[in-house]
file input03.cif (mmCIF, C-alpha atoms)
data_coords
loop_
_atom_site.label_atom_id
_atom_site.label_comp_id
_atom_site.auth_asym_id
_atom_site.auth_seq_id
_atom_site.Cartn_x
_atom_site.Cartn_y
_atom_site.Cartn_z
CA MET L 4 0.00 0.00 0.00
CA MET L 5 2.74 2.45 0.91
CA GLU L 6 5.08 1.36 -1.85
CA ILE L 7 4.03 3.20 -5.00
CA GLY L 8 4.46 0.97 -8.03
CA LEU L 9 3.63 1.09 -11.69
CA ASN L 10 0.10 -0.20 -11.07
CA HIS L 11 -0.76 2.77 -8.86
CA TYR L 12 0.04 5.16 -11.66
CA LEU L 13 -1.80 3.07 -14.22
CA VAL L 14 -4.91 2.96 -12.02
CA LEU L 15 -4.73 6.73 -11.60
CA SER L 16 -4.31 7.12 -15.36
CA THR L 17 -7.35 4.90 -15.94
CA ILE L 18 -9.45 6.93 -13.51
CA LEU L 19 -8.50 10.20 -15.19
CA PHE L 20 -9.16 8.66 -18.61
CA CYS L 21 -12.64 7.62 -17.38
CA ILE L 22 -13.34 11.17 -16.22
CA GLY L 23 -12.25 12.54 -19.58
CA LEU L 24 -14.39 10.02 -21.47
CA VAL L 25 -17.45 10.87 -19.37
CA GLY L 26 -16.78 14.51 -20.18
CA VAL L 27 -16.55 13.79 -23.91
CA MET L 28 -19.79 11.82 -23.84
CA ARG L 29 -22.03 14.15 -21.86
CA ARG L 30 -20.80 17.63 -22.82
CA LYS L 31 -22.85 19.57 -25.31
CA ASN L 32 -20.69 22.66 -25.51
CA LEU L 33 -17.71 22.26 -27.85
CA LEU L 34 -15.34 24.24 -25.63
CA MET L 35 -16.06 21.87 -22.76
CA LEU L 36 -15.42 19.00 -25.16
CA PHE L 37 -11.94 20.39 -25.79
CA PHE L 38 -11.31 20.49 -22.04
CA ALA L 39 -12.28 16.83 -21.82
CA THR L 40 -9.85 15.93 -24.63
CA GLU L 41 -7.07 17.69 -22.73
CA ILE L 42 -7.87 15.47 -19.74
CA LEU L 43 -7.65 12.37 -21.95
CA LEU L 44 -4.24 13.39 -23.33
CA ASN L 45 -2.93 14.20 -19.85
CA SER L 46 -4.01 10.89 -18.38
CA VAL L 47 -2.14 9.06 -21.13
CA ASN L 48 0.92 11.21 -20.44
CA ILE L 49 0.95 10.06 -16.82
CA ALA L 50 0.92 6.43 -17.95
CA PHE L 51 3.78 7.11 -20.39
CA ALA L 52 5.93 8.82 -17.77
CA ALA L 53 5.26 6.08 -15.20
CA ILE L 54 6.15 3.26 -17.60
CA SER L 55 9.24 5.20 -18.63
CA HIS L 56 10.32 5.52 -15.00
CA PHE L 57 9.63 1.97 -13.88
CA HIS L 58 11.24 0.36 -16.91
CA GLY L 59 14.21 2.71 -17.03
CA ASP L 60 13.52 3.70 -20.62
CA LEU L 61 13.34 7.22 -22.01
CA THR L 62 11.02 6.32 -24.90
CA GLY L 63 7.91 6.88 -22.79
CA GLN L 64 8.95 10.45 -22.02
CA MET L 65 9.64 11.06 -25.72
CA PHE L 66 6.10 9.95 -26.57
CA ALA L 67 4.75 12.20 -23.84
CA PHE L 68 6.55 15.15 -25.46
CA PHE L 69 5.01 14.45 -28.83
CA VAL L 70 1.59 14.06 -27.21
CA ILE L 71 2.04 17.52 -25.65
CA ALA L 72 3.03 18.98 -29.04
CA ILE L 73 -0.04 17.43 -30.66
CA ALA L 74 -2.26 18.76 -27.87
CA ALA L 75 -0.88 22.28 -28.38
CA SER L 76 -1.50 22.27 -32.14
CA GLU L 77 -4.95 20.70 -31.63
CA VAL L 78 -5.90 23.58 -29.36
CA ALA L 79 -4.64 26.19 -31.84
CA VAL L 80 -6.52 24.77 -34.84
CA GLY L 81 -9.60 23.79 -32.83
CA LEU L 82 -10.03 27.20 -31.24
CA GLY L 83 -9.56 28.90 -34.61
CA LEU L 84 -12.31 26.78 -36.13
CA LEU L 85 -14.48 27.33 -33.07
CA ILE L 86 -14.15 31.11 -33.38
CA VAL L 87 -15.11 30.97 -37.06
CA TRP L 88 -18.15 28.81 -36.22
CA HIS L 89 -19.17 31.13 -33.41
CA LYS L 90 -18.95 34.16 -35.69
CA ARG L 91 -21.24 32.47 -38.19
CA HIS L 92 -23.84 30.76 -36.04
CA ASN L 93 -23.47 32.55 -32.70
CA ASN L 94 -23.37 29.35 -30.68
CA ILE L 95 -21.03 26.43 -30.15
CA ASP L 96 -23.48 23.68 -29.30
CA LEU L 97 -22.77 20.28 -30.74
CA ASP L 98 -26.37 19.65 -31.77
CA THR L 99 -26.34 22.53 -34.24
CA MET L 100 -23.37 21.13 -36.16
CA SER L 101 -24.70 17.67 -36.89
CA THR L 102 -24.90 18.37 -40.61
CA MET L 103 -21.77 18.89 -42.70
CA LYS L 104 -23.02 21.26 -45.37
CA GLY L 105 -20.96 24.42 -45.41
CA MET K 18 6.84 7.08 2.58
CA PHE K 19 6.88 10.67 1.36
CA GLU K 20 6.47 9.44 -2.18
CA ALA K 21 3.30 7.61 -1.16
CA ILE K 22 1.93 10.67 0.64
CA ALA K 23 2.70 12.90 -2.34
CA PHE K 24 1.20 10.39 -4.77
CA TYR K 25 -2.09 10.01 -2.90
CA LEU K 26 -2.38 13.74 -2.21
CA PHE K 27 -1.82 14.75 -5.83
CA ALA K 28 -3.94 11.88 -7.13
CA PHE K 29 -6.84 13.06 -4.99
CA LEU K 30 -6.36 16.69 -6.02
CA THR K 31 -6.08 15.86 -9.73
CA ILE K 32 -9.17 13.66 -9.73
CA VAL K 33 -11.19 16.30 -7.88
CA MET K 34 -10.07 19.07 -10.25
CA PHE K 35 -10.83 17.08 -13.39
CA TYR K 36 -14.16 15.96 -11.93
CA ILE K 37 -15.05 19.62 -11.44
CA THR K 38 -13.97 20.30 -15.03
CA VAL K 39 -16.30 17.74 -16.55
CA THR K 40 -19.29 18.37 -14.28
CA THR K 41 -19.51 22.12 -13.71
CA SER K 42 -21.89 24.17 -15.79
CA GLN K 43 -19.76 27.33 -15.62
CA ALA K 44 -17.08 27.59 -18.30
CA LEU K 45 -14.82 29.73 -16.12
CA TYR K 46 -14.86 27.19 -13.28
CA ALA K 47 -14.04 24.46 -15.77
CA LEU K 48 -11.11 26.46 -17.16
CA THR K 49 -9.56 27.23 -13.77
CA ALA K 50 -10.09 23.67 -12.51
CA LEU K 51 -8.43 22.34 -15.66
CA ALA K 52 -5.43 24.64 -15.18
CA ALA K 53 -5.07 23.50 -11.57
CA GLY K 54 -5.30 19.87 -12.63
CA MET K 55 -2.52 20.39 -15.19
CA ILE K 56 -0.24 21.82 -12.49
CA PHE K 57 -1.01 18.87 -10.20
CA ILE K 58 -0.22 16.44 -13.02
CA SER K 59 3.22 17.99 -13.43
CA ALA K 60 3.82 16.96 -9.79
CA PHE K 61 3.57 13.31 -10.89
CA PHE K 62 6.24 13.94 -13.50
CA PHE K 63 8.55 15.40 -10.85
CA ILE K 64 7.89 12.41 -8.56
CA LEU K 65 8.70 10.08 -11.44
CA GLY K 66 12.03 11.79 -12.08
CA ALA K 67 10.95 13.26 -15.42
CA ASP K 68 11.94 16.82 -14.49
CA PHE K 69 12.03 18.19 -18.01
CA LEU K 70 8.62 16.75 -18.81
CA GLY K 71 7.19 18.36 -15.67
CA ALA K 72 8.59 21.74 -16.62
CA VAL K 73 7.26 21.39 -20.17
CA GLN K 74 3.86 20.40 -18.76
CA ILE K 75 3.69 23.58 -16.69
CA VAL K 76 4.97 25.83 -19.48
CA VAL K 77 2.92 24.40 -22.34
CA TYR K 78 -0.34 23.44 -20.64
CA SER K 79 -0.72 25.90 -17.82
CA GLY K 80 0.97 28.65 -19.82
CA ALA K 81 0.25 28.39 -23.51
CA VAL K 82 -2.84 26.19 -23.74
CA MET K 83 -4.65 27.84 -20.85
CA ALA K 84 -3.85 31.32 -22.17
CA LEU K 85 -5.20 30.24 -25.55
CA TYR K 86 -8.40 28.91 -23.98
CA ALA K 87 -8.82 32.06 -21.92
CA PHE K 88 -8.32 34.09 -25.08
CA GLY K 89 -10.82 31.96 -26.98
CA MET K 90 -13.37 32.24 -24.22
CA MET K 91 -13.49 36.00 -24.71
CA PHE K 92 -15.21 35.32 -28.04
CA PHE K 93 -17.87 33.11 -26.56
CA ASP K 94 -20.71 33.99 -24.27
CA THR K 95 -19.56 32.21 -21.14
CA THR K 96 -21.85 33.89 -18.67
CA ARG K 97 -24.89 31.78 -19.48
CA ASP K 98 -25.09 28.28 -18.07
CA LEU K 99 -24.14 25.49 -20.43
CA LYS K 100 -26.74 23.05 -21.58
CA GLU K 101 -25.95 19.39 -21.07
CA LYS K 102 -26.98 16.24 -22.82
CA GLN K 103 -29.73 14.48 -20.90
CA GLY K 104 -28.68 10.90 -21.47
CA ASN K 105 -28.68 7.93 -19.16
CA LYS K 106 -25.92 8.74 -16.70
CA TYR K 107 -25.15 5.14 -15.74
CA VAL K 108 -24.78 4.04 -19.34
CA VAL K 109 -22.32 6.85 -19.99
CA VAL K 110 -20.23 6.12 -16.90
CA GLY K 111 -20.30 2.37 -17.50
CA LEU K 112 -19.28 2.67 -21.15
CA SER K 113 -16.47 5.09 -20.27
CA THR K 114 -15.13 2.76 -17.58
CA ILE K 115 -15.17 -0.24 -19.89
CA ALA K 116 -13.47 1.72 -22.67
CA ALA K 117 -10.75 3.09 -20.39
CA VAL K 118 -9.99 -0.30 -18.84
CA LEU K 119 -9.83 -1.81 -22.32
CA VAL K 120 -7.36 0.82 -23.51
CA VAL K 121 -5.12 0.27 -20.49
CA LEU K 122 -5.25 -3.50 -20.98
CA ILE K 123 -4.40 -3.24 -24.66
CA PHE K 124 -1.36 -1.12 -23.93
CA MET K 125 -0.29 -3.06 -20.84
CA ALA K 126 -0.53 -6.54 -22.35
CA PRO K 127 2.90 -6.42 -24.05
CA ILE K 128 4.49 -4.73 -21.04
CA ILE K 129 3.15 -7.16 -18.45
CA SER K 130 4.69 -10.05 -20.35
CA GLU K 131 8.05 -8.63 -19.13
CA ASN K 132 9.81 -9.47 -22.35
CA ILE K 133 10.75 -5.90 -23.12
CA THR K 134 14.18 -4.41 -22.64
CA ALA K 135 14.95 -0.73 -22.42
CA LEU K 136 15.63 0.69 -25.87
CA TYR K 137 17.17 3.91 -24.58
CA PRO K 138 18.06 3.26 -20.95
CA ILE K 139 18.16 6.14 -18.50
CA GLY K 140 21.80 6.95 -17.82
CA ASP K 141 23.35 8.69 -14.86
CA GLY K 142 23.36 12.15 -16.43
CA GLY K 143 20.63 14.63 -15.55
CA ASN K 144 17.17 14.02 -16.92
CA THR K 145 17.25 17.06 -19.20
CA GLN K 146 20.63 16.08 -20.62
CA GLU K 147 19.54 12.51 -21.28
CA ILE K 148 16.37 13.68 -23.02
CA GLY K 149 18.36 16.04 -25.18
CA MET K 150 20.71 13.25 -26.20
CA VAL K 151 17.89 10.89 -27.15
CA LEU K 152 15.64 13.55 -28.70
CA PHE K 153 18.28 14.97 -31.02
CA THR K 154 19.77 11.66 -32.12
CA LYS K 155 17.15 8.91 -32.18
CA TYR K 156 14.02 11.05 -32.42
CA LEU K 157 15.29 13.84 -34.65
CA VAL K 158 12.92 13.16 -37.56
CA PRO K 159 9.75 12.99 -35.40
CA PHE K 160 10.96 16.13 -33.66
CA GLU K 161 11.23 17.99 -36.96
CA VAL K 162 7.86 16.66 -38.10
CA ALA K 163 6.34 17.91 -34.84
CA ALA K 164 7.95 21.30 -35.49
CA VAL K 165 6.38 21.47 -38.96
CA MET K 166 3.04 20.42 -37.46
CA LEU K 167 3.22 23.23 -34.91
CA LEU K 168 4.04 25.67 -37.72
CA VAL K 169 1.02 24.49 -39.70
CA ALA K 170 -1.15 24.84 -36.59
CA MET K 171 0.15 28.36 -36.01
CA ILE K 172 -0.55 29.44 -39.59
CA SER K 173 -4.02 27.92 -39.54
CA GLY K 174 -4.74 29.63 -36.24
CA ILE K 175 -3.68 32.97 -37.67
CA VAL K 176 -5.72 32.48 -40.84
CA LEU K 177 -8.84 31.30 -38.99
CA ALA K 178 -8.93 33.67 -36.05
CA GLY K 179 -6.96 36.34 -37.93
CA LYS K 180 -5.91 39.83 -37.03
CA LYS K 181 -8.61 41.63 -38.97
CA MET K 182 -11.55 40.46 -36.95
CA ASP K 183 -14.14 42.29 -39.03
CA GLU K 184 -13.26 40.59 -42.31
CA SER K 185 -12.30 36.95 -42.33
CA LEU K 186 -11.20 34.92 -45.34
CA THR K 187 -13.09 31.89 -44.13
CA LEU K 188 -16.38 33.75 -43.84
CA GLN K 189 -16.40 35.39 -47.25
CA SER K 190 -17.61 33.93 -50.48
CA GLU K 191 -15.25 33.38 -53.42
CA GLU K 192 -16.50 36.47 -55.27
CA GLU K 193 -15.83 38.79 -52.35
CA ILE K 194 -12.30 37.47 -52.01
CA ASN K 195 -11.60 37.85 -55.73
CA GLU K 196 -13.05 41.34 -55.66
CA LYS K 197 -10.76 42.33 -52.82
CA ALA K 198 -7.76 40.76 -54.53
CA SER K 199 -8.39 42.63 -57.80
CA LYS K 200 -8.52 45.98 -56.04
#
call {"tool": "encode", "arguments": {"input": "input03.cif", "output": "structure tokens"}}
result
Amino acid sequence: MMEIGLNHYLVLSTILFCIGLVGVMRRKNLLMLFFATEILLNSVNIAFAAISHFHGDLTGQMFAFFVIAIAASEVAVGLGLLIVWHKRHNNIDLDTMSTMKG
Amino acid sequence: MFEAIAFYLFAFLTIVMFYITVTTSQALYALTALAAGMIFISAFFFILGADFLGAVQIVVYSGAVMALYAFGMMFFDTTRDLKEKQGNKYVVVGLSTIAAVLVVLIFMAPIISENITALYPIGDGGNTQEIGMVLFTKYLVPFEVAAVMLLVAMISGIVLAGKKMDESLTLQSEEEINEKASK
């Protein structure tokens, strides 16, 4: 119990991933959906760093870096698109963008 | 001992913060709770000896991403309460749990078999130095690809959310753009 092993971190990562998935499933507002995706990416990062530490391998940390880079660019593009959508339709609810016609 | 205390403390704080993020109906609460959760997650990286990753987590997430979200939220009406999907709550939670456990199992199955050996073992230099050595020798090409990806993201962000807020290329029709270009 007091000795923190790899499984502790993986359980924590799973719990955070669950929270993020619940957020993705029940949020209607697209901005909140982006927050939930950030939670998903972060929970995976914890798992990567923990595996990297407990197996003495730097590859996990490398993957975590690339995940962070992807998250940053996702936010930039996603927010840009969100601003354009908000200018056009004046809301960012998911239900209003169920059709794909421009 | 202290590692265990730190782990449980930060695990509790992170879970609480992210729970607030996904359940609150106020966008500002969600944003601040998310920023706090990111900071707490960097504590795990410091516990795990990944110092550079922890610093990057604070700088990129709590600095850049949160500033970007705060900037983006100025465009949206965040004062009104957010509407939520009225689905079956238990189905959502159950499906999420099953999916998350499945993902962890899929990724852990090869690791649990204990047949793996460290590809780039952690040496006795500092963490930042080791990461630099591996990143700029073995992972140079992915690093450059990530750099190009960030450049593309930056350009698309500028084009989409642009400087001239009153006239946007993405909102105009083809004729308007051609008319402006011919002038």
call {"tool": "resolve_selection", "arguments": {"input": "input03.cif", "expression": "the PyMOL selection byres ((chain K and resi 86) around 12)", "output": "PyMOL selection string"}}
result
(chain L and resi 34-35+37-38+41+75+77-83+85-86) or (chain K and resi 44-45+47-49+51-52+78-85+87-93+95)
call {"tool": "atom_distance", "arguments": {"input": "input03.cif", "atom1": "CA of Met171 in chain K", "atom2": "CA of Phe66 in chain L"}}
result
21.5 Å
call {"tool": "atom_distance", "arguments": {"input": "input03.cif", "atom1": "CA of Gly63 in chain L", "atom2": "CA of Cys21 in chain L"}}
result
21.3 Å
call {"tool": "interface_residues", "arguments": {"input": "input03.cif", "of": "chain L", "to": "chain K", "cutoff": "8 Å", "atoms": "all atoms listed in the file", "output": "MDAnalysis selection string"}}
result
chainID L and resid 5:7 13 15 17:26 28:32 35 38:39 42 45 49 52:53 56 58:62 64:65 67:69 71:73 75:80 82:84 86:87 89 91 94
call {"tool": "atom_distance", "arguments": {"input": "input03.cif", "atom1": "CA of Asp68 in chain K", "atom2": "CA of Ser55 in chain L"}}
result
12.6 Å
call {"tool": "closest_residue", "arguments": {"input": "input03.cif", "among": "L:Val47, L:Ile95, L:Val70, L:Ile54", "to": "Ser16 in chain L", "atoms": "only C-alpha atoms"}}
result
L:Val47
call {"tool": "decode", "arguments": {"input": "input03.cif", "residues": "range 58-75 of chain K", "atoms": "N, CA and C atoms", "output": "short mmCIF file (atom, residue, chain, number, x, y, z; two decimals), in the first residue's frame"}}
result
data_model
loop_
_atom_site.label_atom_id
_atom_site.label_comp_id
_atom_site.auth_asym_id
_atom_site.auth_seq_id
_atom_site.Cartn_x
_atom_site.Cartn_y
_atom_site.Cartn_z
N ILE K 58 -0.77 17.55 -12.24
CA ILE K 58 -0.22 16.44 -13.02
C ILE K 58 1.29 16.58 -13.18
N SER K 59 1.76 17.82 -13.30
CA SER K 59 3.22 17.99 -13.43
C SER K 59 3.92 17.50 -12.16
N ALA K 60 3.23 17.50 -11.01
CA ALA K 60 3.82 16.96 -9.79
C ALA K 60 4.14 15.48 -9.95
N PHE K 61 3.28 14.73 -10.65
CA PHE K 61 3.57 13.31 -10.89
C PHE K 61 4.84 13.15 -11.69
N PHE K 62 5.03 14.04 -12.67
CA PHE K 62 6.24 13.94 -13.50
C PHE K 62 7.48 14.20 -12.65
N PHE K 63 7.39 15.15 -11.72
CA PHE K 63 8.55 15.40 -10.85
C PHE K 63 8.80 14.21 -9.93
N ILE K 64 7.72 13.60 -9.41
CA ILE K 64 7.89 12.41 -8.56
C ILE K 64 8.56 11.29 -9.34
N LEU K 65 8.18 11.16 -10.62
CA LEU K 65 8.70 10.08 -11.44
C LEU K 65 10.09 10.36 -11.98
N GLY K 66 10.67 11.49 -11.63
CA GLY K 66 12.03 11.79 -12.08
C GLY K 66 12.10 12.35 -13.48
N ALA K 67 10.95 12.67 -14.08
CA ALA K 67 10.95 13.26 -15.42
C ALA K 67 10.86 14.78 -15.26
N ASP K 68 11.97 15.39 -14.83
CA ASP K 68 11.94 16.82 -14.49
C ASP K 68 11.60 17.68 -15.69
N PHE K 69 12.23 17.36 -16.81
CA PHE K 69 12.03 18.19 -18.01
C PHE K 69 10.58 18.12 -18.47
N LEU K 70 10.02 16.92 -18.40
CA LEU K 70 8.62 16.75 -18.81
C LEU K 70 7.70 17.55 -17.90
N GLY K 71 8.00 17.57 -16.60
CA GLY K 71 7.19 18.36 -15.67
C GLY K 71 7.25 19.83 -15.98
N ALA K 72 8.46 20.32 -16.28
CA ALA K 72 8.59 21.74 -16.62
C ALA K 72 7.85 22.06 -17.90
N VAL K 73 7.96 21.17 -18.91
CA VAL K 73 7.26 21.39 -20.17
C VAL K 73 5.76 21.37 -19.95
N GLN K 74 5.30 20.47 -19.07
CA GLN K 74 3.86 20.40 -18.76
C GLN K 74 3.37 21.73 -18.22
N ILE K 75 4.12 22.30 -17.27
CA ILE K 75 3.69 23.58 -16.69
C ILE K 75 3.71 24.67 -17.75
#
